[in-house]
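Asks: File upload_30.tsv below, TSV, C-alpha atoms:
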```
chain	number	residue	atom	x	y	z
Y	1	MET	CA	26.80	24.75	-0.05
Y	2	SER	CA	24.28	23.24	2.37
Y	3	SER	CA	22.40	21.44	-0.42
Y	4	LEU	CA	25.67	19.99	-1.73
Y	5	THR	CA	26.57	18.81	1.78
Y	6	HIS	CA	23.29	17.06	2.33
Y	7	SER	CA	22.96	15.64	-1.17
Y	8	PRO	CA	24.74	12.31	-0.42
Y	9	ALA	CA	22.62	11.88	2.71
Y	10	ARG	CA	19.44	12.50	0.74
Y	11	THR	CA	20.57	10.02	-1.88
Y	12	ARG	CA	21.20	7.35	0.77
Y	13	LEU	CA	17.82	8.07	2.35
Y	14	THR	CA	16.09	7.72	-1.01
Y	15	ARG	CA	17.83	4.40	-1.63
Y	16	THR	CA	16.80	3.17	1.81
Y	17	ARG	CA	13.17	4.09	1.19
Y	18	LEU	CA	13.14	2.48	-2.24
Y	19	ALA	CA	14.72	-0.69	-0.86
Y	20	ALA	CA	12.12	-0.89	1.91
Y	21	LEU	CA	9.23	-0.34	-0.48
Y	22	GLY	CA	10.70	-2.81	-2.95
Y	23	ARG	CA	11.09	-5.52	-0.30
Y	24	ALA	CA	7.52	-5.04	0.88
Y	25	GLU	CA	6.19	-5.21	-2.68
Y	26	LEU	CA	8.28	-8.30	-3.44
Y	27	THR	CA	6.83	-10.03	-0.37
Y	28	LEU	CA	3.30	-9.30	-1.57
Y	29	LEU	CA	4.16	-10.52	-5.06
Y	30	VAL	CA	5.57	-13.82	-3.78
Y	31	ARG	CA	2.51	-14.39	-1.60
Y	32	ASN	CA	0.15	-13.94	-4.55
Y	33	ARG	CA	0.74	-17.25	-6.32
Y	34	THR	CA	-1.55	-16.52	-9.25
Y	35	THR	CA	0.14	-13.22	-10.05
Y	36	LEU	CA	3.56	-14.77	-9.56
Y	37	PHE	CA	2.74	-17.66	-11.92
Y	38	VAL	CA	1.48	-15.32	-14.62
Y	39	ALA	CA	4.50	-13.05	-14.25
Y	40	VAL	CA	7.10	-15.83	-14.24
Y	41	PHE	CA	5.79	-18.55	-16.53
Y	42	VAL	CA	3.35	-17.03	-19.05
Y	43	PRO	CA	5.99	-14.99	-20.97
Y	44	VAL	CA	8.18	-18.10	-21.27
Y	45	LEU	CA	5.25	-20.19	-22.47
Y	46	MET	CA	4.48	-17.52	-25.05
Y	47	VAL	CA	7.82	-18.21	-26.75
Y	48	GLY	CA	6.48	-21.63	-27.73
Y	49	ALA	CA	3.12	-20.15	-28.74
Y	50	ILE	CA	4.80	-17.59	-31.01
Y	51	ARG	CA	6.93	-20.30	-32.63
Y	52	SER	CA	3.80	-22.35	-33.33
Y	53	SER	CA	1.92	-19.37	-34.76
Y	54	LEU	CA	4.75	-18.73	-37.23
Y	55	ASP	CA	5.18	-22.34	-38.31
Y	56	GLY	CA	5.42	-22.36	-42.11
Y	57	VAL	CA	5.76	-18.58	-42.40
Y	58	GLU	CA	8.68	-17.50	-44.60
Y	59	LEU	CA	10.66	-14.83	-42.76
Y	60	GLY	CA	13.79	-14.84	-44.89
Y	61	LYS	CA	12.86	-11.60	-46.66
Y	62	ALA	CA	12.38	-9.98	-43.25
Y	63	GLY	CA	15.98	-10.81	-42.35
Y	64	THR	CA	15.01	-12.90	-39.33
Y	65	THR	CA	14.04	-16.42	-38.27
Y	66	ILE	CA	11.12	-17.98	-36.43
Y	67	ALA	CA	13.30	-18.68	-33.39
Y	68	GLU	CA	14.52	-15.08	-33.26
Y	69	VAL	CA	11.00	-13.68	-33.56
Y	70	ALA	CA	9.83	-16.09	-30.85
Y	71	VAL	CA	12.51	-15.02	-28.37
Y	72	THR	CA	12.19	-11.28	-29.01
Y	73	GLY	CA	8.41	-11.64	-28.91
Y	74	GLY	CA	8.80	-13.44	-25.59
Y	75	ILE	CA	10.79	-10.48	-24.31
Y	76	GLY	CA	7.95	-8.19	-25.37
Y	77	MET	CA	5.43	-10.42	-23.60
Y	78	ALA	CA	7.57	-10.37	-20.45
Y	79	LEU	CA	7.45	-6.57	-20.48
Y	80	LEU	CA	3.69	-6.55	-20.98
Y	81	MET	CA	2.83	-9.25	-18.44
Y	82	VAL	CA	5.42	-8.63	-15.74
Y	83	VAL	CA	5.53	-4.84	-15.87
Y	84	HIS	CA	2.27	-3.51	-17.30
Y	85	SER	CA	-0.35	-6.07	-16.25
Y	86	ASN	CA	1.25	-6.79	-12.88
Y	87	LEU	CA	1.76	-3.15	-11.96
Y	88	VAL	CA	-1.77	-2.05	-12.87
Y	89	SER	CA	-3.05	-4.63	-10.38
Y	90	ALA	CA	-0.43	-3.61	-7.81
Y	91	PHE	CA	-1.19	0.12	-8.02
Y	92	VAL	CA	-4.94	-0.50	-7.77
Y	93	ALA	CA	-4.57	-2.96	-4.88
Y	94	ARG	CA	-2.38	-0.56	-2.89
Y	95	ARG	CA	-4.76	2.30	-3.61
Y	96	GLU	CA	-7.91	0.45	-2.59
Y	97	SER	CA	-6.29	-0.88	0.61
Y	98	LEU	CA	-5.26	2.68	1.56
Y	99	VAL	CA	-1.55	1.86	1.35
Y	100	LEU	CA	-0.87	4.72	-1.05
Y	101	LYS	CA	-2.74	7.17	1.16
Y	102	ARG	CA	-0.81	6.10	4.27
Y	103	LEU	CA	2.53	6.28	2.51
Y	104	ARG	CA	1.85	9.84	1.39
Y	105	THR	CA	1.36	10.96	5.00
Y	106	GLY	CA	5.04	10.21	5.68
Y	107	GLU	CA	8.24	11.59	4.25
Y	108	VAL	CA	8.25	9.36	1.17
Y	109	THR	CA	7.80	11.32	-2.06
Y	110	ASP	CA	5.28	10.39	-4.72
Y	111	ILE	CA	7.96	9.30	-7.19
Y	112	GLU	CA	9.59	7.14	-4.50
Y	113	ILE	CA	6.27	5.43	-3.78
Y	114	LEU	CA	5.60	4.61	-7.42
Y	115	THR	CA	9.18	3.58	-8.10
Y	116	GLY	CA	9.36	1.40	-4.99
Y	117	ILE	CA	6.18	-0.46	-5.97
Y	118	ALA	CA	7.54	-0.97	-9.49
Y	119	LEU	CA	11.03	-2.18	-8.48
Y	120	PRO	CA	10.30	-5.93	-8.06
Y	121	ALA	CA	8.47	-6.07	-11.39
Y	122	ALA	CA	11.32	-4.24	-13.12
Y	123	VAL	CA	13.96	-6.59	-11.68
Y	124	LEU	CA	11.86	-9.66	-12.54
Y	125	ALA	CA	11.36	-8.41	-16.11
Y	126	LEU	CA	15.09	-7.82	-16.54
Y	127	ALA	CA	15.84	-11.30	-15.20
Y	128	GLN	CA	13.30	-12.94	-17.51
Y	129	CYS	CA	14.61	-11.09	-20.54
Y	130	ALA	CA	18.15	-12.19	-19.65
Y	131	LEU	CA	17.04	-15.81	-19.24
Y	132	MET	CA	15.16	-15.79	-22.55
Y	133	THR	CA	18.18	-14.30	-24.28
Y	134	ALA	CA	20.42	-17.00	-22.83
Y	135	GLY	CA	17.84	-19.67	-23.68
Y	136	GLY	CA	17.58	-18.46	-27.26
Y	137	VAL	CA	21.34	-18.84	-27.70
Y	138	THR	CA	21.78	-22.15	-25.87
Y	139	ALA	CA	18.50	-23.97	-26.51
Y	140	LEU	CA	17.34	-22.59	-29.87
Y	141	GLY	CA	20.74	-22.23	-31.48
Y	142	LEU	CA	20.51	-18.49	-32.14
Y	143	SER	CA	23.57	-16.34	-32.54
Y	144	ALA	CA	24.37	-14.05	-29.64
Y	145	PRO	CA	22.78	-10.58	-29.86
Y	146	ALA	CA	24.67	-8.45	-32.37
Y	147	ARG	CA	24.31	-5.29	-30.28
Y	148	PRO	CA	23.62	-6.30	-26.66
Y	149	ALA	CA	23.80	-2.71	-25.39
Y	150	LEU	CA	20.99	-1.73	-27.78
Y	151	LEU	CA	18.96	-4.78	-26.71
Y	152	LEU	CA	19.38	-3.79	-23.05
Y	153	ALA	CA	18.48	-0.18	-23.83
Y	154	GLY	CA	15.27	-1.33	-25.51
Y	155	VAL	CA	14.31	-3.49	-22.52
Y	156	VAL	CA	15.04	-0.72	-19.99
Y	157	LEU	CA	13.11	1.82	-22.05
Y	158	GLY	CA	10.24	-0.65	-22.25
Y	159	ILE	CA	10.21	-1.07	-18.47
Y	160	VAL	CA	10.12	2.69	-17.91
Y	161	LEU	CA	7.43	3.19	-20.55
Y	162	LEU	CA	5.17	0.39	-19.33
Y	163	THR	CA	5.56	1.42	-15.69
Y	164	ALA	CA	4.26	4.87	-16.61
Y	165	VAL	CA	1.49	3.37	-18.74
Y	166	ALA	CA	0.52	1.04	-15.87
Y	167	ALA	CA	0.27	3.94	-13.43
Y	168	ALA	CA	-1.88	5.86	-15.90
Y	169	THR	CA	-4.07	2.81	-16.58
Y	170	SER	CA	-4.65	2.30	-12.86
Y	171	ALA	CA	-6.46	5.66	-12.79
Y	172	VAL	CA	-9.30	4.18	-14.88
Y	173	THR	CA	-9.26	0.78	-13.15
Y	174	ARG	CA	-11.81	0.51	-10.36
Y	175	THR	CA	-10.81	-2.83	-8.83
Y	176	VAL	CA	-8.06	-5.42	-9.03
Y	177	ASP	CA	-10.42	-7.76	-10.88
Y	178	SER	CA	-11.22	-5.13	-13.51
Y	179	ALA	CA	-7.48	-4.74	-14.19
Y	180	GLN	CA	-7.78	-7.81	-16.41
Y	181	LEU	CA	-10.05	-5.75	-18.67
Y	182	THR	CA	-8.21	-2.42	-18.62
Y	183	THR	CA	-4.86	-4.05	-19.45
Y	184	MET	CA	-6.29	-6.13	-22.30
Y	185	PRO	CA	-6.37	-3.41	-25.03
Y	186	LEU	CA	-2.63	-2.74	-24.87
Y	187	LEU	CA	-1.87	-6.46	-24.75
Y	188	VAL	CA	-3.99	-7.23	-27.81
Y	189	VAL	CA	-2.90	-4.19	-29.83
Y	190	SER	CA	0.77	-4.79	-29.06
Y	191	SER	CA	0.56	-8.50	-29.86
Y	192	ILE	CA	-0.95	-7.76	-33.27
Y	193	GLY	CA	0.69	-4.50	-34.27
Y	194	SER	CA	3.95	-4.03	-32.38
Y	195	GLY	CA	5.85	-6.94	-33.83
Y	196	LEU	CA	5.54	-9.42	-30.96
Y	197	PHE	CA	4.14	-12.23	-33.09
Y	198	VAL	CA	4.86	-11.00	-36.61
Y	199	PRO	CA	7.62	-8.55	-37.67
Y	200	LEU	CA	6.26	-5.32	-39.10
Y	201	SER	CA	8.36	-5.84	-42.22
Y	202	VAL	CA	6.04	-8.65	-43.38
Y	203	LEU	CA	2.88	-6.57	-42.92
Y	204	PRO	CA	1.33	-4.38	-45.65
Y	205	ASP	CA	3.14	-1.05	-45.90
Y	206	GLY	CA	0.19	1.14	-44.92
Y	207	PHE	CA	-0.74	-0.99	-41.93
Y	208	ALA	CA	2.90	-1.28	-40.86
Y	209	SER	CA	3.32	2.50	-40.94
Y	210	LEU	CA	0.30	2.89	-38.66
Y	211	CYS	CA	1.60	0.21	-36.30
Y	212	GLU	CA	4.90	2.07	-35.93
Y	213	LEU	CA	3.03	4.66	-33.86
Y	214	LEU	CA	1.84	2.15	-31.23
Y	215	PRO	CA	3.30	2.46	-27.71
Y	216	LEU	CA	5.39	-0.72	-27.68
Y	217	THR	CA	6.49	-0.72	-31.33
Y	218	GLY	CA	9.52	1.51	-30.76
Y	219	VAL	CA	10.70	-0.71	-27.91
Y	220	MET	CA	10.33	-3.88	-30.00
Y	221	THR	CA	12.21	-2.23	-32.88
Y	222	LEU	CA	15.13	-1.53	-30.55
Y	223	VAL	CA	15.00	-5.05	-29.09
Y	224	ARG	CA	15.02	-6.72	-32.52
Y	225	ALA	CA	17.72	-4.37	-33.78
Y	226	GLY	CA	19.80	-5.17	-30.73
Y	227	TRP	CA	19.51	-8.87	-31.48
Y	228	SER	CA	19.96	-8.99	-35.23
Y	229	GLY	CA	21.56	-5.62	-36.07
Y	230	GLY	CA	21.33	-4.21	-39.58
Y	231	VAL	CA	18.85	-1.44	-38.78
Y	232	GLU	CA	19.41	2.05	-40.14
Y	233	PRO	CA	20.31	4.73	-37.54
Y	234	GLY	CA	17.36	6.85	-38.62
Y	235	GLU	CA	14.96	4.01	-37.90
Y	236	LEU	CA	16.49	3.49	-34.46
Y	237	VAL	CA	16.18	7.19	-33.65
Y	238	GLY	CA	12.55	7.17	-34.78
Y	239	ALA	CA	11.80	4.09	-32.67
Y	240	ALA	CA	13.42	5.62	-29.60
Y	241	LEU	CA	11.58	8.93	-30.06
Y	242	THR	CA	8.25	7.10	-30.38
Y	243	ALA	CA	8.85	5.23	-27.12
Y	244	VAL	CA	10.01	8.38	-25.34
Y	245	ALA	CA	6.99	10.33	-26.60
Y	246	TRP	CA	4.61	7.70	-25.22
Y	247	THR	CA	6.54	7.74	-21.93
Y	248	VAL	CA	6.24	11.51	-21.63
Y	249	LEU	CA	2.53	11.36	-22.48
Y	250	SER	CA	1.99	8.63	-19.87
Y	251	VAL	CA	3.90	10.58	-17.21
Y	252	PHE	CA	1.70	13.59	-17.92
Y	253	ALA	CA	-1.39	11.40	-17.54
Y	254	VAL	CA	-0.09	10.09	-14.21
Y	255	GLN	CA	0.56	13.61	-12.93
Y	256	ARG	CA	-2.88	14.72	-14.04
Y	257	TRP	CA	-5.13	11.75	-13.21
Y	258	PHE	CA	-3.38	9.21	-10.98
Y	259	ARG	CA	-5.54	8.37	-7.94
Y	260	TRP	CA	-3.97	8.05	-4.50
Y	261	GLU	CA	-7.20	7.30	-2.64
Y	262	PRO	CA	-9.86	4.59	-3.19
Y	263	ARG	CA	-12.46	5.17	-5.86
Y	264	ARG	CA	-15.95	5.66	-4.42
```
Written as structure tokens, how would this file's structure read?
Replies:
Amino acid sequence: MSSLTHSPARTRLTRTRLAALGRAELTLLVRNRTTLFVAVFVPVLMVGAIRSSLDGVELGKAGTTIAEVAVTGGIGMALLMVVHSNLVSAFVARRESLVLKRLRTGEVTDIEILTGIALPAAVLALAQCALMTAGGVTALGLSAPARPALLLAGVVLGIVLLTAVAAATSAVTRTVDSAQLTTMPLLVVSSIGSGLFVPLSVLPDGFASLCELLPLTGVMTLVRAGWSGGVEPGELVGAALTAVAWTVLSVFAVQRWFRWEPRR
């Protein structure tokens, strides 16, 4: 009975802590102009880059268009740049400046600390994905997403997945500068094999099957299915399970290897 009585109070306290951590992290993000520029403008610029890379490519058999691939690829880049790359740097910076260590001496739980740091990036990623979706419809003449709830689910799952991956990646990242190197493998692999630049349906069957196992592929499958529709339920379930499996694996890695104190 006591736990039920105090549950609303605990929930309010958790929200207050998360809001405070989120505001502090947002302030630091705004002050870092380089990080802010990369997070805000690079994913949008990548929409144009993806369109240029696909110029002359016939995508009719894939059931999509260059504009649609460009916008959904831009959404994928927003997730990678705003969530993964930004949060690896954030986790490492807070660790090396002893912020994480000081926070753990208080009443804030570990999950609250990590979630609070990730909140501004998650909100920014959601906002960018919404803007790119609106821009694709108004500026590029695309039809509205066929299944917007599925598109949103893919984006939210991507944010959760890449937040966990970022926390795990920070464990092997010594400095903020070296974060540019440790985040590069996922960025390159996802750009080539997860359907950001080229839909998997136009790749050779054997290579496409291998690419389906990559961390971000399931998320991109859900995002593209949410936009264009026409994807079999079994494929959607497989994509979701792949993303969830990578999330669970990343959470395990965080629990096992995440560093709360500076590396020496």
Asks: Go through segment 44-132 of chain Y residue by residue and, counting all atoms listed in the file, keep those with an atom at most 9 Å from segment 179-195 of chain Y; for each kept residue give the shortest atom pair and its distance in Å to one decimal, ordered by chain and increasing number, as CSV.
Replies:
```
residue,atom,partner,partner_atom,distance
Y:Val69,CA,Y:Gly195,CA,8.5
Y:Gly73,CA,Y:Gly195,CA,7.3
Y:Gly76,CA,Y:Ser191,CA,8.7
Y:Met77,CA,Y:Ser191,CA,8.2
Y:Leu80,CA,Y:Leu187,CA,6.7
Y:Met81,CA,Y:Leu187,CA,8.3
Y:His84,CA,Y:Thr183,CA,7.5
Y:Ser85,CA,Y:Thr183,CA,5.9
Y:Val88,CA,Y:Ala179,CA,6.4
Y:Ser89,CA,Y:Ala179,CA,5.8
Y:Val92,CA,Y:Ala179,CA,8.1
```
Asks: What is the atom CA of Glu235 of chain Y to atom CA of Val219 of chain Y distance in Å?
Replies: 11.8 Å
Asks: One decimal, Å: what's the distance from atom CA of Ala144 of chain Y over to atom CA of Cys129 of chain Y, could you say?
Replies: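 One can read the atom CA of Ala144 of chain Y to atom CA of Cys129 of chain Y distance as 13.7 Å.
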Asks: Nearest to Glu112 of chain Y among Y:Gly238, Y:Gly141, Y:Pro215, Y:Gly22, with distances taken over all atoms listed in the file: which residue is it?
Replies: Y:Gly22
Asks: Which residues, written as a list in words, have at least one atom at most 9 Å from Gly229 of chain Y, with all atoms listed in the file counted and residues fewer than 5 positions away on the same chain left out?
Replies: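 Listed by chain and then number, they are Pro145, Ala146, Arg147 and Arg224 of chain Y.
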Asks: Restricting the calculation to only C-alpha atoms, which member of Y:Leu216, Y:Ala225, Y:Ala164, Y:Leu210 is positioned closest to Leu196 of chain Y?
Replies: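 Once distances to Leu196 of chain Y are computed over only C-alpha atoms, the minimum belongs to Y:Leu216.
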Asks: To one decimal place, how far is atom CA of Val198 of chain Y from atom CA of Val71 of chain Y in Å?
Replies: 11.9 Å
Asks: Calculated over only C-alpha atoms, which of the candidates Y:Val137, Y:Ala121, Y:Leu13, Y:Leu36 has the smallest distance to Trp227 of chain Y?
Replies: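 Residue with the minimum atom-to-atom distance to Trp227 of chain Y: Y:Val137.
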Asks: Around segment 198-217 of chain Y, fit a box with edges along x, y and z, padding it by 3 Å on each side, then list its centre and edge lengths in Å to one decimal as AutoDock Vina command-line options.
Replies:
```
--center_x 3.8 --center_y -3.2 --center_z -36.8 --size_x 15.1 --size_y 21.7 --size_z 24.2
```
Asks: Taking into account all atoms listed in the file, which residue in the set Y:Thr109, Y:Ser250, Y:Thr133, Y:Ser228 is nearest to Ala171 of chain Y?
Replies: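 The shortest atom-to-atom distance to Ala171 of chain Y comes from Y:Ser250.
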Asks: Just the residues within 7 Å of Glu25 of chain Y, please, counting only C-alpha atoms, with nothing from its chain fewer than 4 positions along; format it as a list in words.
Replies: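 The filter keeps Leu21, Leu29, Ile117 and Pro120 of chain Y.
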Asks: Around the point (7.7, -0.1, -25.3) (coordinates from the file), which residues reach within 7 Å if we count only C-alpha atoms? Answer as a PyMOL selection string.
Replies: chain Y and resi 157-158+161-162+215-220+243
Asks: Can you write segment 10-21 of chain Y from the block above with N, CA, C and O atoms, as a compact mmCIF listing (two decimals), in the first residue's frame?
Replies:
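Written out: result.txt:
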```
# COMPACT_ATOMS: atom_id res chain seq x y z
N ARG Y 10 7.05 9.56 -6.64
CA ARG Y 10 8.30 9.12 -7.26
C ARG Y 10 8.32 9.46 -8.74
O ARG Y 10 9.34 9.85 -9.30
N THR Y 11 7.16 9.30 -9.38
CA THR Y 11 7.08 9.62 -10.81
C THR Y 11 7.33 11.11 -11.04
O THR Y 11 8.06 11.48 -11.96
N ARG Y 12 6.74 11.95 -10.21
CA ARG Y 12 6.95 13.40 -10.34
C ARG Y 12 8.41 13.75 -10.10
O ARG Y 12 8.98 14.61 -10.78
N LEU Y 13 9.02 13.09 -9.11
CA LEU Y 13 10.43 13.36 -8.80
C LEU Y 13 11.31 12.96 -9.97
O LEU Y 13 12.26 13.68 -10.33
N THR Y 14 11.02 11.81 -10.57
CA THR Y 14 11.78 11.37 -11.73
C THR Y 14 11.66 12.36 -12.88
O THR Y 14 12.65 12.71 -13.53
N ARG Y 15 10.44 12.83 -13.13
CA ARG Y 15 10.24 13.81 -14.19
C ARG Y 15 11.00 15.09 -13.92
O ARG Y 15 11.58 15.70 -14.84
N THR Y 16 11.02 15.51 -12.66
CA THR Y 16 11.74 16.74 -12.29
C THR Y 16 13.24 16.58 -12.54
O THR Y 16 13.90 17.47 -13.08
N ARG Y 17 13.77 15.43 -12.16
CA ARG Y 17 15.20 15.17 -12.37
C ARG Y 17 15.54 15.13 -13.85
O ARG Y 17 16.54 15.72 -14.29
N LEU Y 18 14.72 14.44 -14.62
CA LEU Y 18 14.96 14.34 -16.06
C LEU Y 18 14.88 15.71 -16.72
O LEU Y 18 15.69 16.04 -17.59
N ALA Y 19 13.92 16.52 -16.30
CA ALA Y 19 13.79 17.86 -16.86
C ALA Y 19 15.01 18.71 -16.54
O ALA Y 19 15.53 19.45 -17.40
N ALA Y 20 15.51 18.60 -15.32
CA ALA Y 20 16.69 19.37 -14.93
C ALA Y 20 17.92 18.94 -15.71
O ALA Y 20 18.69 19.77 -16.22
N LEU Y 21 18.11 17.63 -15.82
CA LEU Y 21 19.25 17.12 -16.58
C LEU Y 21 19.13 17.49 -18.06
O LEU Y 21 20.11 17.86 -18.71
```
